Amino acid sequence: MSRLMHEMGTRALQLGIPLSVQLDLTYRCNERCVHCYLDHEDHGEMNTAEILGLLDQMAAAGVFFLNISGGEIFMRQDLFQIVEYARKLQFSVKLKTNAVMIRAAKARRIAELGVDSVQISLYSHDAVTQDEITKLPGSFKRTIEGARFLRDAGVKVTFANVLMKQNADHYKQVQALADDMGVGYTVDATITPMMDGDRSILNLNMDEQRLSGIMRDRSLLGDQADNMLAPPSGPTPLEEAYKTLPCSAGHTACYVSPYGDVYPCVQFPYKVGSVRESRFIDIWRDSPQLNEVRAIRVSDLQGCSSCVHGSSCTRCPGLAYLEGNMRGPSIQDCEKSYARTGVPSKNLQQKKLRTIPLALAP
Amino acid sequence: MNEAPLYLLREHNVAARRIGDELMIMSAKDSALFSLNETAAILWEAADGNTALADIVARGICPLFDIDADTALRDARETAEGLAKHGILQLSPHPFGSAS
C-alpha cells in the first residue's frame with residue numbers, strides 16, 4: 001500500500017468517513033458455483049432510482065472507492081446506467097464479474113467510463129475444471145474471451161482465483177495464464193459459510209497440506225513474504241491492543257446488499273441498517289449495531305489478544321461472527337496462521353484440546 | 001504580464017473525493033493516487049474547459065491568498081502543467097467547447 005493511500009485511510013478513520021463501499025447490485029447469477037455463499041433468488045432488489053439515489057448519498061458521505069459486485073453484475077439491465085452515474089459522481093469504480101457476458105462493445109464501454117479495474121473470477125486454467133465449478137458449460141471460454149476484450153480495450157484486469165479441493169493444485173497454472181495474458185492475479189484460499197449461516201460448503205476447503213503449501217508460496221505473498229512467513233512475534237502488546245482495530249470493516253468500509261441492507265462487510269453478515277428505511281449517512285454515523293462493531297478492540301478478542309500470532313494474524317471479524325462470536329476467534333484464520341508458520345494459535349490449541357477424547361480408565 | 005491564454009479540462013477517467021480538507025484524485029489509467037493542495041484543488045474543480053486560467057486565478061485564488069495576480073498566475077500555470085503531466089488535467093490554448 002502506498003504511503004498516500006495509508007495516510008488517506010488514517011484520515012478517513014479520524015474523520016469517520018466511509019472511504020470504501022462494496023455495493024452488490026444483484027445476487028442473481030448466470031453461474032451456479034459449487035462454493036458460492038449466496039442465495040441467487042431475487043428477494044426484491046433495489047431498482048435503478050433507489051441505487052442512483054444511494055450513490056448520491058454515498059458520494060455526499062465521502063465514499064471514494066466503490067466496488068460494484070454481485071451475483072453477476074451483468075444480470076442487471078441497468079448496469080451501465082449505474083456505472084455511468086457512479087463515474088459522474090467521481091467514484092473510483094471497480095467491477096467484479098465472471099466476464100461471461102462481456103464482449104468487445106461492453107469492454108469498450110467500460111474503458112470509456114473510466115472504470116479503475118475489473119476483477120474476474122477464474123478458477124482454473126483447465127476448461128473442464130472451471131465449468132465443473134461454475135456449473136455453466138462453456139464458462140471458461142467465455143470468461144477468458146471477456147478478459148481479453150477488456151484487456152484489449154485498455155481496462156486493468158485481475159483474475160481472482162478462489163481455491164478449494166477441486167482446483168487447489170491449479171493455481172500455478174492460473175497464475176501463469178494471468179502472466180501470459182498480461183493481467184493481474186490474486187488468490188483466496190478460503191471458502192466461507194453462506195450468508196444465511198449454512199456451513200455445509202466449508203467441506204470444499206482444501207486439506208491442511210495443500211493450504212500450507214499455498215500459504216507459504218512466496219510468489220503469492222509478494223513484498224509481504226518475509227513478514228508473513230516469519231515466526232510469530234508474540235501477543236500484541238497490551239497498550240497497543242487497547243487501541244488496535246481488528247480490521248477496517250465498519251470503520252472506513254461497509255457493504256450494501258441488493259436489498260439495501262447495510263453490513264460492516266460482505267463477509268460480516270451482521271445487519272446494521274437499511275437504506276430503504278434510513279439515510280446512508282445516518283446508518284453510518286448512528287447505527288447502534290455498527291457502533292457496537294466499532295467499539296471492539298484487539299484487547300477485547302477472546303484468546304486472540306494473548307495469542308502468539310498477535311500482529312501477523314489475518315483474523316476476519318466476519319468469519320468470527322459466522323462462527324458464533326464477533327469478539328471470538330476465526331478458526332479458519334487460525335488455521336491459516338498455522339499453515340503459514342507451523343505454530344498453532346492459542347484458539348487452535350484450545351480447540352484441539354476440546355476435541356481430544358478423554359482417556360477411559362480400564 | 002501578457003501570457004497566452006490557457007484553458008483547463010478535467011480528465012474524464014479520474015476519480016476524486018474530498019477527504020477532510022484534502023482533495024484526493026486517482027487516475028484510472030494507472031491507479032496513481034494524488035493529494036492536491038488547496039491551490040491545485042481550486043484549479044481542478046474550476047477546470048470546466050471553458051474558463052481561462054487567468055479568470056480562475058483572479059476569482060478563485062487571488063482573493064484567498066495575499067499574492068499579486070502575476071505571481072499567482074505564474075504559479076498556477078506551473079501547477080496546471082504539473083497536473084497535466086500526471087494525466088489529471090488537459091490543457092489547451094483554446095476553450096474545449098462542449099467537451100466539458
# chains A, B, ... in the order shown; residues from 1 in each chain; ligands from 1

$ select_by_dssp --residues "chain B" --states "strand (DSSP E or B)" --output "compact mmCIF listing (two decimals) with C-alpha atoms, in the first residue's frame"
# COMPACT_ATOMS: atom_id res chain seq x y z
CA TYR B 7 -7.83 26.51 -20.61
CA LEU B 8 -8.03 23.51 -18.28
CA LEU B 9 -10.26 20.46 -18.56
CA ARG B 10 -10.54 17.65 -16.01
CA VAL B 14 -10.20 10.36 -12.96
CA ALA B 15 -11.86 9.73 -9.60
CA ALA B 16 -11.95 12.45 -6.96
CA ARG B 17 -13.19 13.00 -3.45
CA ARG B 18 -12.57 15.48 -0.65
CA ILE B 19 -11.33 13.67 2.44
CA GLU B 22 -7.63 17.40 1.04
CA LEU B 23 -8.79 16.61 -2.46
CA MET B 24 -7.80 13.07 -3.38
CA ILE B 25 -7.51 12.19 -7.05
CA MET B 26 -7.00 8.77 -8.58
CA SER B 27 -6.23 8.17 -12.22
CA LEU B 33 -3.23 8.48 -6.21
CA PHE B 34 -2.64 12.19 -5.70
CA SER B 35 -3.39 14.58 -2.89
CA LEU B 36 -3.98 18.10 -4.19
CA ASP B 48 -14.52 23.10 -16.91
CA GLY B 49 -12.67 23.52 -20.21
CA ASN B 50 -14.11 26.94 -20.91
CA THR B 51 -12.85 29.23 -18.14
CA ALA B 52 -9.44 30.73 -18.78
CA LEU B 89 -5.91 17.72 -16.49
CA GLN B 90 -5.89 18.54 -20.18
CA LEU B 91 -4.51 21.92 -21.24
CA SER B 92 -5.29 23.93 -24.36

$ residues_around --residues "Lys165 in chain A" --least-positions-apart "3" --cutoff "8 Å" --atoms "only C-alpha atoms" --output "PyMOL selection string"
chain A and resi 168+204-207

$ closest_atom_pairs --of "chain A" --to "chain B" --cutoff "8 Å" --atoms "only C-alpha atoms" --output "JSON lines"
{"residue": "A:Leu4", "atom": "CA", "partner": "B:Leu33", "partner_atom": "CA", "distance": 7.1}
{"residue": "A:Met5", "atom": "CA", "partner": "B:Leu33", "partner_atom": "CA", "distance": 7.3}
{"residue": "A:Met8", "atom": "CA", "partner": "B:Ile19", "partner_atom": "CA", "distance": 7.4}
{"residue": "A:Arg11", "atom": "CA", "partner": "B:Ile19", "partner_atom": "CA", "distance": 7.3}
{"residue": "A:Ala12", "atom": "CA", "partner": "B:Ile19", "partner_atom": "CA", "distance": 6.6}
{"residue": "A:Leu15", "atom": "CA", "partner": "B:Gly20", "partner_atom": "CA", "distance": 7.1}
{"residue": "A:Ile17", "atom": "CA", "partner": "B:Ile19", "partner_atom": "CA", "distance": 7.7}
{"residue": "A:Gly62", "atom": "CA", "partner": "B:Arg17", "partner_atom": "CA", "distance": 6.6}
{"residue": "A:Val63", "atom": "CA", "partner": "B:Arg17", "partner_atom": "CA", "distance": 7.7}
{"residue": "A:Phe64", "atom": "CA", "partner": "B:Arg17", "partner_atom": "CA", "distance": 5.9}
{"residue": "A:Arg87", "atom": "CA", "partner": "B:Ala15", "partner_atom": "CA", "distance": 7.4}
{"residue": "A:Gln90", "atom": "CA", "partner": "B:Ala15", "partner_atom": "CA", "distance": 4.6}
{"residue": "A:Phe91", "atom": "CA", "partner": "B:Ala15", "partner_atom": "CA", "distance": 5.3}
{"residue": "A:Ser92", "atom": "CA", "partner": "B:Ala15", "partner_atom": "CA", "distance": 4.9}
{"residue": "A:Glu112", "atom": "CA", "partner": "B:Asn13", "partner_atom": "CA", "distance": 7.8}
{"residue": "A:Leu113", "atom": "CA", "partner": "B:Asn13", "partner_atom": "CA", "distance": 6.8}
{"residue": "A:Gly114", "atom": "CA", "partner": "B:Asn13", "partner_atom": "CA", "distance": 4.1}
{"residue": "A:Val115", "atom": "CA", "partner": "B:Ala28", "partner_atom": "CA", "distance": 6.4}
{"residue": "A:Asp116", "atom": "CA", "partner": "B:Ala28", "partner_atom": "CA", "distance": 4.4}
{"residue": "A:Ser117", "atom": "CA", "partner": "B:Ala28", "partner_atom": "CA", "distance": 7.6}

$ atom_distance --atom1 "CA of Asn167 in chain A" --atom2 "CA of Arg216 in chain A"
17.5 Å

$ residues_around --residues "range 141-145 of chain A" --least-positions-apart "4" --cutoff "7 Å" --atoms "only C-alpha atoms" --output "PDB file with C-alpha atoms, in the first residue's frame"
ATOM      1  CA  ASN A  98     -17.320 -13.573 -14.218  1.00  0.00           C
ATOM      2  CA  ALA A  99     -16.964 -11.767 -17.600  1.00  0.00           C
ATOM      3  CA  VAL A 100     -19.091 -14.395 -19.341  1.00  0.00           C
ATOM      4  CA  PHE A 149     -11.801  -7.978 -24.645  1.00  0.00           C
TER       5      PHE A 149
END

$ residues_around --residues "Gln209 in chain A" --least-positions-apart "3" --cutoff "8 Å" --atoms "only C-alpha atoms" --output "list in words"
Ser212, Gly213 and Ala339 of chain A

$ write_last_selection --atoms "N, CA and C atoms" --output "CSV table (one decimal), in the first residue's frame"
chain,number,residue,atom,x,y,z
A,212,SER,N,-1.1,-25.3,3.5
A,212,SER,CA,0.2,-24.9,3.9
A,212,SER,C,1.1,-24.5,2.8
A,213,GLY,N,1.1,-25.3,1.7
A,213,GLY,CA,1.9,-25.0,0.5
A,213,GLY,C,1.5,-23.7,-0.1
A,339,ALA,N,-1.0,-22.8,9.1
A,339,ALA,CA,-0.5,-23.3,7.8
A,339,ALA,C,0.8,-22.5,7.3

$ atom_distance --atom1 "CA of Gly60 in chain B" --atom2 "CA of Ala61 in chain A"
25.2 Å

$ residues_around --residues "Gln302 in chain A" --least-positions-apart "5" --cutoff "7 Å" --atoms "only C-alpha atoms" --output "PDB file with N, CA and C atoms, in the first residue's frame"
ATOM      1  N   ARG A 327     -16.486 -11.270  18.842  1.00  0.00           N
ATOM      2  CA  ARG A 327     -15.330 -10.973  19.706  1.00  0.00           C
ATOM      3  C   ARG A 327     -14.465 -12.222  19.908  1.00  0.00           C
ATOM      4  N   GLY A 328     -14.790 -13.254  19.173  1.00  0.00           N
ATOM      5  CA  GLY A 328     -14.060 -14.511  19.322  1.00  0.00           C
ATOM      6  C   GLY A 328     -13.081 -14.725  18.186  1.00  0.00           C
ATOM      7  N   PRO A 329     -12.474 -15.888  18.160  1.00  0.00           N
ATOM      8  CA  PRO A 329     -11.516 -16.185  17.094  1.00  0.00           C
ATOM      9  C   PRO A 329     -12.241 -16.592  15.820  1.00  0.00           C
TER      10      PRO A 329
END

$ select_by_dssp --residues "range 6-226 of chain A" --states "helix (DSSP H, G or I)" --output "PyMOL selection string"
chain A and resi 6-15+48-61+73-75+79-88+104-112+127-134+139-152+168-181+200-204+208-215+218-226

$ closest_residue --among "A:Ala176, A:Cys304, A:Met215, A:Val293" --to "Thr341 in chain A" --atoms "only C-alpha atoms"
A:Met215

$ residues_around --residues "Val155 in chain A" --least-positions-apart "3" --cutoff "6 Å" --atoms "only C-alpha atoms" --output "list in words"
Ala111, Leu150 and Arg151 of chain A

$ residues_around --residues "Tyr259 in chain A" --least-positions-apart "2" --cutoff "6 Å" --atoms "only C-alpha atoms" --output "list of chain:residue names"
A:Glu45, A:Met46, A:Ser257, A:Asp261

$ write_last_selection --atoms "C-alpha atoms" --output "short mmCIF file (atom, residue, chain, number, x, y, z; two decimals), in the first residue's frame"
data_model
loop_
_atom_site.label_atom_id
_atom_site.label_comp_id
_atom_site.auth_asym_id
_atom_site.auth_seq_id
_atom_site.Cartn_x
_atom_site.Cartn_y
_atom_site.Cartn_z
CA GLU A 45 -33.54 -5.82 -5.42
CA MET A 46 -33.26 -2.05 -5.27
CA SER A 257 -26.71 -5.65 -0.35
CA ASP A 261 -29.31 -3.74 3.79
#

$ atom_distance --atom1 "CA of Asp188 in chain A" --atom2 "CA of Leu163 in chain A"
6.1 Å

$ closest_residue --among "A:Arg210, A:Ser311, A:Trp284, A:Phe140" --to "Val128 in chain A" --atoms "only C-alpha atoms"
A:Phe140
